[in-house]
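J.: My structure is stored as work-v6.txt, with compact mmCIF, C-alpha atoms.
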```txt
# COMPACT_ATOMS: atom_id res chain seq x y z
CA MET A 1 -35.69 -5.72 11.63
CA PRO A 2 -37.12 -5.51 8.07
CA THR A 3 -37.21 -1.69 8.40
CA ILE A 4 -33.55 -1.56 9.39
CA LYS A 5 -32.57 -3.85 6.53
CA THR A 6 -34.34 -1.67 4.01
CA SER A 7 -32.73 1.46 5.42
CA VAL A 8 -29.22 0.02 5.16
CA SER A 9 -29.88 -1.32 1.67
CA SER A 10 -31.08 2.05 0.47
CA GLN A 11 -27.67 3.51 1.28
CA GLY A 12 -26.20 1.57 -1.61
CA TYR A 13 -23.25 -0.69 -2.20
CA LEU A 14 -20.14 -0.06 -0.08
CA SER A 15 -22.31 1.55 2.60
CA ASN A 16 -20.79 -0.83 5.17
CA PRO A 17 -17.58 0.73 6.57
CA ARG A 18 -15.58 -2.49 6.56
CA THR A 19 -16.62 -3.33 3.00
CA LEU A 20 -15.71 0.15 1.83
CA GLN A 21 -12.27 -0.06 3.45
CA PHE A 22 -11.71 -3.56 2.06
CA TRP A 23 -12.31 -2.44 -1.51
CA ALA A 24 -10.25 0.71 -1.05
CA SER A 25 -7.33 -1.44 0.09
CA THR A 26 -7.85 -3.91 -2.75
CA LEU A 27 -7.78 -1.12 -5.31
CA VAL A 28 -4.42 0.05 -3.93
CA VAL A 29 -2.91 -3.43 -4.24
CA LEU A 30 -4.37 -4.20 -7.69
CA PRO A 31 -1.94 -2.01 -9.68
CA VAL A 32 1.01 -3.84 -8.14
CA PHE A 33 -0.07 -7.06 -9.86
CA LEU A 34 -1.92 -5.71 -12.92
CA GLN A 35 -0.76 -2.22 -13.87
CA ALA A 36 2.99 -2.65 -13.27
CA PRO A 37 3.58 -5.49 -15.77
CA TRP A 38 0.94 -4.15 -18.19
CA VAL A 39 2.42 -0.65 -18.46
CA HIS A 40 5.92 -2.10 -18.71
CA PHE A 41 5.16 -4.03 -21.90
CA TYR A 42 2.12 -2.23 -23.35
CA PRO A 43 2.11 1.34 -22.00
CA LEU A 44 -0.36 2.81 -24.50
CA SER A 45 -3.11 0.24 -23.93
CA ALA A 46 -2.57 0.53 -20.17
CA LEU A 47 -2.94 4.29 -20.45
CA LEU A 48 -6.15 3.97 -22.49
CA PHE A 49 -7.60 1.73 -19.77
CA THR A 50 -7.71 4.88 -17.64
CA PHE A 51 -10.73 5.99 -19.65
CA VAL A 52 -12.43 2.64 -19.11
CA LEU A 53 -12.14 3.11 -15.35
CA LEU A 54 -13.22 6.74 -15.57
CA GLY A 55 -16.15 5.99 -17.84
CA ALA A 56 -17.31 3.04 -15.75
CA GLY A 57 -17.15 5.12 -12.58
CA TYR A 58 -19.03 8.03 -14.14
CA PHE A 59 -21.82 5.94 -15.63
CA LEU A 60 -22.29 3.82 -12.50
CA SER A 61 -22.59 6.93 -10.38
CA LYS A 62 -24.79 8.93 -12.75
CA TYR A 63 -27.07 6.39 -14.38
CA PHE A 64 -27.36 3.44 -12.01
CA GLY A 65 -28.84 5.21 -9.01
CA ARG A 66 -27.67 5.94 -5.52
CA ARG A 67 -26.84 2.33 -4.74
CA TRP A 68 -23.87 2.47 -7.14
CA GLU A 69 -22.77 6.00 -6.31
CA ARG A 70 -19.94 5.03 -3.96
CA VAL A 71 -18.67 2.34 -6.34
CA GLY A 72 -18.62 4.83 -9.20
CA SER A 73 -16.88 7.48 -7.15
CA LEU A 74 -14.20 5.03 -6.03
CA LEU A 75 -13.52 3.94 -9.62
CA VAL A 76 -13.14 7.57 -10.67
CA GLY A 77 -10.54 8.00 -7.92
CA VAL A 78 -8.72 4.87 -9.07
CA SER A 79 -8.63 6.22 -12.63
CA GLY A 80 -6.66 9.26 -11.41
CA SER A 81 -4.01 7.10 -9.76
CA TRP A 82 -3.96 4.77 -12.77
CA LEU A 83 -3.40 7.70 -15.15
CA GLY A 84 -0.43 9.07 -13.22
CA GLY A 85 1.11 5.62 -12.86
CA CYS A 86 0.82 4.87 -16.57
CA LEU A 87 2.31 8.19 -17.63
CA PHE A 88 5.29 7.86 -15.34
CA TRP A 89 6.09 4.15 -15.64
CA GLY A 90 5.31 4.07 -19.34
CA TRP A 91 7.43 7.00 -20.53
CA LEU A 92 9.15 8.85 -17.69
CA ARG A 93 10.48 6.12 -15.41
CA MET A 94 14.09 7.22 -16.00
CA HIS A 95 13.37 10.49 -14.19
CA PRO A 96 12.45 9.80 -10.53
CA VAL A 97 12.25 13.52 -9.75
CA LEU A 98 9.14 13.59 -11.96
CA HIS A 99 7.41 10.73 -10.17
CA LEU A 100 5.39 12.72 -7.65
CA PRO A 101 4.51 15.61 -10.01
CA VAL A 102 3.24 13.18 -12.64
CA GLU A 103 1.29 11.15 -10.08
CA ALA A 104 -0.28 14.44 -8.95
CA ILE A 105 -1.68 15.18 -12.41
CA ALA A 106 -5.29 14.80 -11.23
CA MET A 107 -4.79 16.59 -7.91
CA PRO A 108 -6.69 19.80 -8.84
CA PHE A 109 -9.77 17.77 -9.82
CA ALA A 110 -9.50 15.68 -6.66
CA MET A 111 -9.33 18.77 -4.47
CA LEU A 112 -12.48 20.13 -6.11
CA GLY A 113 -14.14 16.74 -5.80
CA LEU A 114 -13.82 16.74 -2.01
CA THR A 115 -16.86 19.04 -1.83
CA THR A 116 -19.01 17.03 -4.26
CA LYS A 117 -20.55 13.57 -4.56
CA TRP A 118 -17.14 12.40 -5.85
CA ARG A 119 -15.69 12.86 -2.36
CA ILE A 120 -14.89 9.19 -1.80
CA GLY A 121 -12.95 8.84 -5.06
CA SER A 122 -11.12 12.10 -4.40
CA ALA A 123 -10.14 10.92 -0.91
CA PHE A 124 -8.83 7.64 -2.35
CA TYR A 125 -6.69 9.43 -4.92
CA LEU A 126 -5.30 12.01 -2.49
CA ALA A 127 -4.46 9.37 0.13
CA CYS A 128 -2.59 7.34 -2.48
CA LEU A 129 -0.76 10.50 -3.51
CA LEU A 130 0.18 11.18 0.12
CA GLY A 131 1.52 7.65 0.39
CA THR A 132 3.55 8.19 -2.79
CA ALA A 133 4.97 11.41 -1.32
CA PHE A 134 6.10 9.55 1.81
CA THR A 135 7.66 6.80 -0.32
CA ASP A 136 9.54 9.20 -2.58
CA LEU A 137 10.76 11.23 0.38
CA MET A 138 12.15 8.11 2.04
CA MET A 139 13.79 7.03 -1.20
CA LEU A 140 15.42 10.45 -1.44
CA VAL A 141 16.75 10.71 2.11
CA THR A 142 18.01 7.11 2.17
CA GLY A 143 19.79 7.42 -1.18
CA VAL A 144 17.62 4.92 -3.06
CA MET A 145 16.47 7.50 -5.61
CA HIS A 146 20.01 7.92 -6.92
CA GLN A 147 20.02 4.24 -7.91
CA TRP A 148 16.59 4.39 -9.56
CA PRO A 149 17.74 5.34 -13.12
CA LEU A 150 20.41 2.63 -13.01
CA VAL A 151 17.87 -0.03 -12.06
CA VAL A 152 15.23 0.80 -14.67
CA SER A 153 17.76 1.14 -17.52
CA ALA A 154 19.80 -2.01 -16.78
CA SER A 155 19.24 -5.54 -18.05
CA ILE A 156 17.12 -7.84 -15.89
CA TYR A 157 20.18 -9.51 -14.38
CA ASP A 158 22.04 -6.28 -13.65
CA ALA A 159 18.89 -4.55 -12.43
CA SER A 160 18.22 -7.35 -9.95
CA ARG A 161 21.78 -7.13 -8.66
CA ILE A 162 21.69 -3.33 -8.28
CA LEU A 163 18.28 -3.45 -6.63
CA LEU A 164 19.40 -6.10 -4.17
CA LEU A 165 22.53 -4.14 -3.22
CA THR A 166 20.44 -0.98 -2.83
CA ALA A 167 18.00 -2.75 -0.51
CA GLN A 168 20.83 -4.26 1.52
CA ASN A 169 22.36 -0.81 1.96
CA LEU A 170 19.19 0.21 3.81
CA LEU A 171 19.93 -2.32 6.54
CA ASN A 172 21.65 0.19 8.80
CA PHE A 173 20.65 2.19 11.86
CA ARG A 174 20.11 5.56 10.14
CA SER A 175 18.00 4.27 7.27
CA GLY A 176 16.13 1.89 9.55
CA ALA A 177 15.30 4.67 12.00
CA LEU A 178 14.05 6.94 9.20
CA ILE A 179 11.89 4.20 7.71
CA ILE A 180 10.44 3.23 11.09
CA PHE A 181 9.66 6.88 11.88
CA ALA A 182 7.94 7.36 8.51
CA GLY A 183 5.96 4.16 8.96
CA ALA A 184 4.85 5.19 12.44
CA LEU A 185 3.81 8.62 11.16
CA ILE A 186 1.77 7.07 8.35
CA LEU A 187 0.02 4.75 10.80
CA PHE A 188 -0.73 7.68 13.11
CA ILE A 189 -2.20 9.78 10.30
CA SER A 190 -4.18 6.80 9.04
CA ASP A 191 -5.56 6.12 12.51
CA GLN A 192 -6.66 9.74 12.88
CA MET A 193 -8.42 9.49 9.53
CA ARG A 194 -10.17 6.30 10.61
CA LYS A 195 -11.34 7.87 13.87
CA ARG A 196 -12.77 10.86 12.03
CA GLY A 197 -14.53 8.52 9.63
CA ASN A 198 -16.12 6.59 12.46
CA LEU A 199 -17.54 9.70 14.12
CA ALA A 200 -20.35 9.99 11.59
CA TYR A 201 -20.81 7.59 8.73
CA SER A 202 -21.89 9.79 5.86
CA LEU A 203 -20.21 10.61 2.56
CA GLN A 204 -17.67 12.64 4.53
CA GLY A 205 -17.13 9.82 6.99
CA GLY A 206 -16.78 7.35 4.14
CA ALA A 207 -14.16 9.55 2.52
CA TRP A 208 -12.06 9.54 5.70
CA LEU A 209 -12.36 5.75 5.96
CA VAL A 210 -11.31 5.29 2.34
CA ALA A 211 -8.33 7.61 2.84
CA SER A 212 -7.30 5.70 5.96
CA ALA A 213 -7.47 2.32 4.20
CA ALA A 214 -5.63 3.55 1.11
CA LEU A 215 -2.83 5.17 3.09
CA THR A 216 -2.33 2.16 5.37
CA THR A 217 -2.31 -0.23 2.42
CA THR A 218 0.30 1.90 0.66
CA LEU A 219 2.56 1.35 3.66
CA TRP A 220 2.07 -2.43 3.54
CA VAL A 221 2.70 -2.47 -0.23
CA ASP A 222 5.98 -0.58 0.28
CA GLY A 223 6.96 -3.05 2.99
CA LEU A 224 6.14 -5.97 0.70
CA PHE A 225 8.16 -4.34 -2.09
CA PHE A 226 11.19 -4.00 0.21
CA LEU A 227 10.91 -7.59 1.45
CA THR A 228 10.54 -8.91 -2.10
CA THR A 229 13.58 -6.90 -3.19
CA LEU A 230 15.67 -8.54 -0.48
CA LEU A 231 14.43 -12.07 -1.24
CA GLN A 232 13.80 -12.01 -5.00
CA PRO A 233 14.52 -8.60 -6.62
CA SER A 234 13.42 -9.73 -10.09
CA LEU A 235 9.85 -9.98 -8.78
CA SER A 236 9.79 -6.53 -7.19
CA GLY A 237 7.82 -4.90 -10.01
CA LEU A 238 10.37 -2.14 -10.59
CA ILE A 239 12.23 -4.04 -13.30
```
Could you show the structure in this file as structure tokens?

T.:
Amino acid sequence: MPTIKTSVSSQGYLSNPRTLQFWASTLVVLPVFLQAPWVHFYPLSALLFTFVLLGAGYFLSKYFGRRWERVGSLLVGVSGSWLGGCLFWGWLRMHPVLHLPVEAIAMPFAMLGLTTKWRIGSAFYLACLLGTAFTDLMMLVTGVMHQWPLVVSASIYDASRILLLTAQNLLNFRSGALIIFAGALILFISDQMRKRGNLAYSLQGGAWLVASAALTTTLWVDGLFFLTTLLQPSLSGLI
């Protein structure tokens, strides 16, 4: 038993699959409560916080030994998502067509990172980006994207009213079927990622598990956003 404990400990923090997935999910949800209001009122300071995340991740991974490597890699991945979110919601929110391209600003680095020790952070970022692509596609095909500029440019009262009407317009068979299909597809992809991650728990396996958790959590966050819009649109985070 002592030998096994030492072996597991030597793998470092977040070496447990469930712990790794828990923190990946948490770091998807965090921007909903922290970044959204921060970038709305103080976009520049929120943007600069990107470099705090990036620096913390780099130094933890490089100078604090193998035990912190996964933590550092994950923070670097979060910094990529944080950067795209700040740029869009801080200055370009009136242009929904730019949402995905701006969120994909760190994609080339993430693709390169998949073959390095930054694999876990890259997987987190790319999974979040995939979730964003699904969300934007659904907003486009259901007509929500056309209302986006009206919502973000209106007063709080008018924005809440427009957002509520937009959400209510989704309560029909066509939109419901499209949303259910997209949700089922996301869950299927996420499950395949999880199964691949469980085959062999290494850096590669950890990357698949992180991607699975991030993608699944993105789906739940979108569902929560939709429910909040129906019940209390002023708290949705979009306005």

J.: Pick from A:Leu150, A:Ala133, A:Val52, A:Ala207: nearest to Leu14 of chain A, with only C-alpha atoms counted?

T.: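 With only C-alpha atoms as the atom set, the closest residue is A:Ala207.
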
J.: Considering all atoms listed in the file, tabulate each residue of segment 14-47 of chain A that lies at most 12 Å from segment 92-106 of chain A along with its nearest interatomic pair and the corresponding distance in Å to one decimal; arrange the rows by chain and ascending residue number and present them as a tab-separated table.

T.:
```
residue	atom	partner	partner_atom	distance
A:Ala36	CA	A:Arg93	CA	11.7
A:Val39	CA	A:Arg93	CA	11.0
A:His40	CA	A:Arg93	CA	10.0
A:Pro43	CA	A:Leu92	CA	11.2
```

J.: Keeping C-alpha atoms, export the residues of the selection given above as a short mmCIF file (atom, residue, chain, number, x, y, z; two decimals), keeping the file's coordinate frame.

T.:
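Final output, selection_32.cif:
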```
data_model
loop_
_atom_site.label_atom_id
_atom_site.label_comp_id
_atom_site.auth_asym_id
_atom_site.auth_seq_id
_atom_site.Cartn_x
_atom_site.Cartn_y
_atom_site.Cartn_z
CA ALA A 36 2.99 -2.65 -13.27
CA VAL A 39 2.42 -0.65 -18.46
CA HIS A 40 5.92 -2.10 -18.71
CA PRO A 43 2.11 1.34 -22.00
#
```

J.: Leaving out segment 60-74 of chain A and any residue of its chain fewer than 5 positions from it, which residues lie within 6 Å of it when counting only C-alpha atoms, given as a list of chain:residue names?

T.: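 The residues that qualify are A:Gly12, A:Tyr13, A:Trp118, A:Ile120, A:Gly121.
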
J.: Between atom CA of Tyr58 of chain A and atom CA of Met111 of chain A, what is the distance in Å, rounded to a tenth?

T.: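 That distance, rounded to one decimal, is 17.4 Å.
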
J.: I need the residue nearest Thr218 of chain A from this list: A:Arg174, A:Ala154, A:Ser45, A:Gly183. Use only C-alpha atoms for the distance.

T.: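 Of A:Arg174, A:Ala154, A:Ser45, A:Gly183, the one nearest Thr218 of chain A is A:Gly183, counting only C-alpha atoms.
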
J.: Have a look at atom CA of Val78 of chain A and atom CA of Ala211 of chain A and let me know their distance in Å, one decimal.

T.: 12.2 Å

J.: Considering only C-alpha atoms, state which residue in the set A:Trp208, A:Trp148, A:Trp82, A:Trp38 is at the smallest distance from Thr166 of chain A.

T.: A:Trp148

J.: Find the residues near Ser81 of chain A: any atom within 10 Å, counting all atoms listed in the file, skip ones fewer than 3 places away on the same chain, and give them as a ChimeraX atom specification.

T.: /A:28,31,50,76-78,84-86,102-107,124-126,128-129
